[in-house]
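These notes are about the structure you will find just below.
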Amino acid sequence: MCGIIGYIGHEPTAEIVDILLDGLQRLEYRGYDSAGIAIMTEQGLEIQREVGKLSNLVRKTANLDISSRAGLGHTRWATHGRPTEYNAHPHTDGQRQIVVVHNGIIENYLDLKQELKAEGHSFVSETDTEIIAHLIEYYYQGDLKAAVQQTLKRLEGAYSIVVMHAKEPNYLVAAKTSSPLLLGQGQGANFIASDIPAILRHTRDIIYLEDGEMAVVTPDKLEIFRIDGTPVERPIQHIDWNLVAAEKMGFDHFMLKEIHEQPTAFAQTLAGRLSENSQRIFLDELNLSDEKLQSIQRIVIVACGTAYYSGMVGRYLIEQLARVPVEVELASEFRYRDPILDEKTLVIAISQSGETADTLTAIKLAKQQGSPTLGIINVKGSAITRVTDGTLYIHAGPEIAVASTKAFMAMLAAVYLLALHLGQVRGHVDQSALSDHARELRRLPRLMEETLSKVEGRVQEVATRLLRYHHSLYLARGINFPIALEGALKLKEISYIHAEGYAAGELKHGPIALIDPLMPVIAVMTESAAYEKVFSNLQEVRAREGLVFAVATEGDERVNEVADEVIHVPAVPELFSPVINVLPLQLLAYYVALRRGYDVDQPRNLAKSVTVE
Ligand code: M6R
């Protein structure tokens, strides 16, 4: 939540505004309540801020003609203080000499504010961030690094910050605890950012800061220290993402582009992990020996949102293929319980960003309690990967739309691989079964492409019908139950239509009371062992004048008896059906939101990476 960029170069550049705004544009998925930049000039600090989307700030700064060596930028997801211009970052001290951008929450800011007020400081915003600028001012005695160090010792909570001082124009100071921050090494200039896409145009050589660390960044050097001043040596990591992957490539929205990238994302997750002859799964990166995997008695998956639903699919797969009991837990609940964990319980964190605060804390808790840990993660080098014993990267590439689609798909590919690997190692999947499953997995990307091209037009027709409703119920059973939940989440987060996902068997236990002509039901009822059961559930809906939209298998005409609208998808074995069935539901959410005129990629109130609790 909140995106930060910092730049410092050797020579003044007239591109400074563009560099900062371009970086912010690539971070806007982290928050888009307001945005601001601060640029070092010979006359002092030039600060521009604007409420709302970044495009407002872009308009405001269109005629700003500045050449400079250093600047900061910030895109905000409001925590403390409403999204107004005076609450927008960057914030300054009383003298407008020190400027700060911040991501996170300072929990003791009210105490600090009182203390500073007693010292004569006055404040112009409602934010916790402004306190940081004033505290640095309070400690400043001609050395910005020392003043930041003193300040950090007083802060409680989560933060990543970048600080600049008008009197010390040759360096920026960065620091982090809990919220993500990385340094980028460019040519003649260096960078600080919340996430890789912000600086990908300039460099792919990065260093992640760890909790409790700060950095002094000059145009030539990236120096890292612990807050107590102890130097830290850390090698530079080379990132192989390219900028094109973070562009829209002719699609109207990132979400639509990412929906269409799913066959590739799925194939990329499989790549190099299934042997050519389908006889073996290579998952060396688990860092867990076959003996260790054989000794595991239970698996706990922790995740949030869409990642959590991929974990639910994982439970079906692992229990069926590897016969290990699996629990799937919302990370935000798990971390506050007193979970029973031991060395025979494998704890798996699933996360696109690898930075989700609750998932990160949950996996740290598991590690402290002696459980082996594994991350199923997209972003290379992200916080969770630095905690877990092993990381199974999903290789989905940068996912920019707030509504997750291709990362979900790649997570599914990863849990298929993991379930098969566990099944093989534990003796429940023999060679011939592995070959069969591997063949199906390899077939899926092509089938996904076929599905997308076949259903998109039909989905648009169905969307036209769905968009006028205020509520909806998504139903499915078995391995597609998580797909109903995911479909409902997609619809609510971008179209703002209230959507609930239910296991169809639960209908009679309450939700059926909601059924009337104003509560459409979206049912996933492709060929499966539970087909007849779902069919009966839908008859019950129809008997109460409910409207039914169904996702069904090509060739299934009987579905017309219970559905008003049908989206047909290609046949696929039930075990692999979530991969196909989620596609029309993602497209449905997209087209409903589009027709309702909403901002698909940046839905209200949300942020892509939830780095605060
Ligand atoms: O980065 P993560 O996968 O840990 O994020 C988890 C959730 O915040 C995320 O999936 C969220 O629910 C998305 N907006 C769903 O589209």
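Residue names in the structure tokens use chain letters A, B, ... in the order shown, residue numbers from 1 in each chain, and ligand numbers from 1 in the order shown.
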Requested in this report: Kindly compile the residues surrounding ligand 1 within 6 Å, counting only C-alpha atoms and all ligand atoms, and format them as a PyMOL selection string.
Outcome: chain A and resi 304-307+351-354+356+402-404+608-610
Query raised in the report: Out of range 249-282 of chain A, which residues get alpha helix (DSSP H) from DSSP, as a list in words?
Result: Phe254, Met255, Leu256, Lys257, Glu258, Ile259, His260, Gln262, Pro263, Thr264, Ala265, Phe266, Ala267, Gln268, Thr269 and Leu270 of chain A
Query - Which of range 236-390 of chain A DSSP labels strand (DSSP E or B), written as JSON, numbers by chain - result: {"A": [237, 238, 274, 281, 298, 299, 300, 301, 302, 303, 326, 327, 328, 329, 330, 345, 346, 347, 348, 349, 350, 351, 373, 374, 375, 376, 377, 390]}
Requested in this report: Would you mind telling me which residue in A:Arg542, A:Ile384, A:Ile350, A:Arg96 lies nearest to Glu210 in chain A when using only C-alpha atoms?
Outcome: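 With only C-alpha atoms as the atom set, the closest residue is A:Ile384.
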Would you kindly return, as a PDB file with all heavy atoms, in the first residue's frame, each protein, DNA or RNA residue with an atom no farther than 6 Å from any atom of His134 in chain A, considering only C-alpha atoms and excluding same-chain residues fewer than 3 positions away?
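Output file out-v6.pdb follows:
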ATOM      1  N   ASP A  93       9.142  19.041   7.067  1.00  0.00           N
ATOM      2  CA  ASP A  93       9.287  19.590   8.421  1.00  0.00           C
ATOM      3  C   ASP A  93       8.775  21.035   8.402  1.00  0.00           C
ATOM      4  O   ASP A  93       8.349  21.538   7.346  1.00  0.00           O
ATOM      5  CB  ASP A  93      10.766  19.528   8.834  1.00  0.00           C
ATOM      6  CG  ASP A  93      11.615  20.486   8.019  1.00  0.00           C
ATOM      7  OD1 ASP A  93      11.362  20.601   6.796  1.00  0.00           O
ATOM      8  OD2 ASP A  93      12.494  21.127   8.590  1.00  0.00           O
ATOM      9  N   ILE A 131       4.846  13.471  11.101  1.00  0.00           N
ATOM     10  CA  ILE A 131       5.591  13.374  12.372  1.00  0.00           C
ATOM     11  C   ILE A 131       7.036  12.969  12.098  1.00  0.00           C
ATOM     12  O   ILE A 131       7.959  13.439  12.755  1.00  0.00           O
ATOM     13  CB  ILE A 131       4.899  12.352  13.320  1.00  0.00           C
ATOM     14  CG1 ILE A 131       3.802  13.034  14.094  1.00  0.00           C
ATOM     15  CG2 ILE A 131       5.836  11.710  14.310  1.00  0.00           C
ATOM     16  CD1 ILE A 131       2.630  13.399  13.351  1.00  0.00           C
ATOM     17  N   GLU A 137      13.681  16.722  11.802  1.00  0.00           N
ATOM     18  CA  GLU A 137      14.059  18.127  12.025  1.00  0.00           C
ATOM     19  C   GLU A 137      14.543  18.312  13.472  1.00  0.00           C
ATOM     20  O   GLU A 137      15.565  18.967  13.724  1.00  0.00           O
ATOM     21  CB  GLU A 137      12.833  19.028  11.773  1.00  0.00           C
ATOM     22  CG  GLU A 137      13.096  20.498  12.037  1.00  0.00           C
ATOM     23  CD  GLU A 137      11.813  21.340  11.936  1.00  0.00           C
ATOM     24  OE1 GLU A 137      10.699  20.781  11.972  1.00  0.00           O
ATOM     25  OE2 GLU A 137      11.944  22.572  11.870  1.00  0.00           O
TER      26      GLU A 137
END
Report summary line: In terms of only C-alpha atoms, the residue from A:Asp228, A:Glu574, A:Glu500, A:Glu319 at minimal distance from Gln150 in chain A is A:Asp228
**Report entry** Nearest-residue call for Val524 in chain A, choices A:Phe481, A:Glu565, A:Ile39, A:Glu613, using only C-alpha atoms
**Finding:**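 That would be A:Phe481, the residue with the smallest distance to Val524 in chain A.
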Report task. Determine, counting only C-alpha atoms, which protein, DNA and RNA residues have an atom within 7 Å of an atom of Ala550 in chain A; residues of the same chain fewer than 6 positions away are not included. Present the result as a ChimeraX atom specification. Result -> /A:522-525,563,565-567
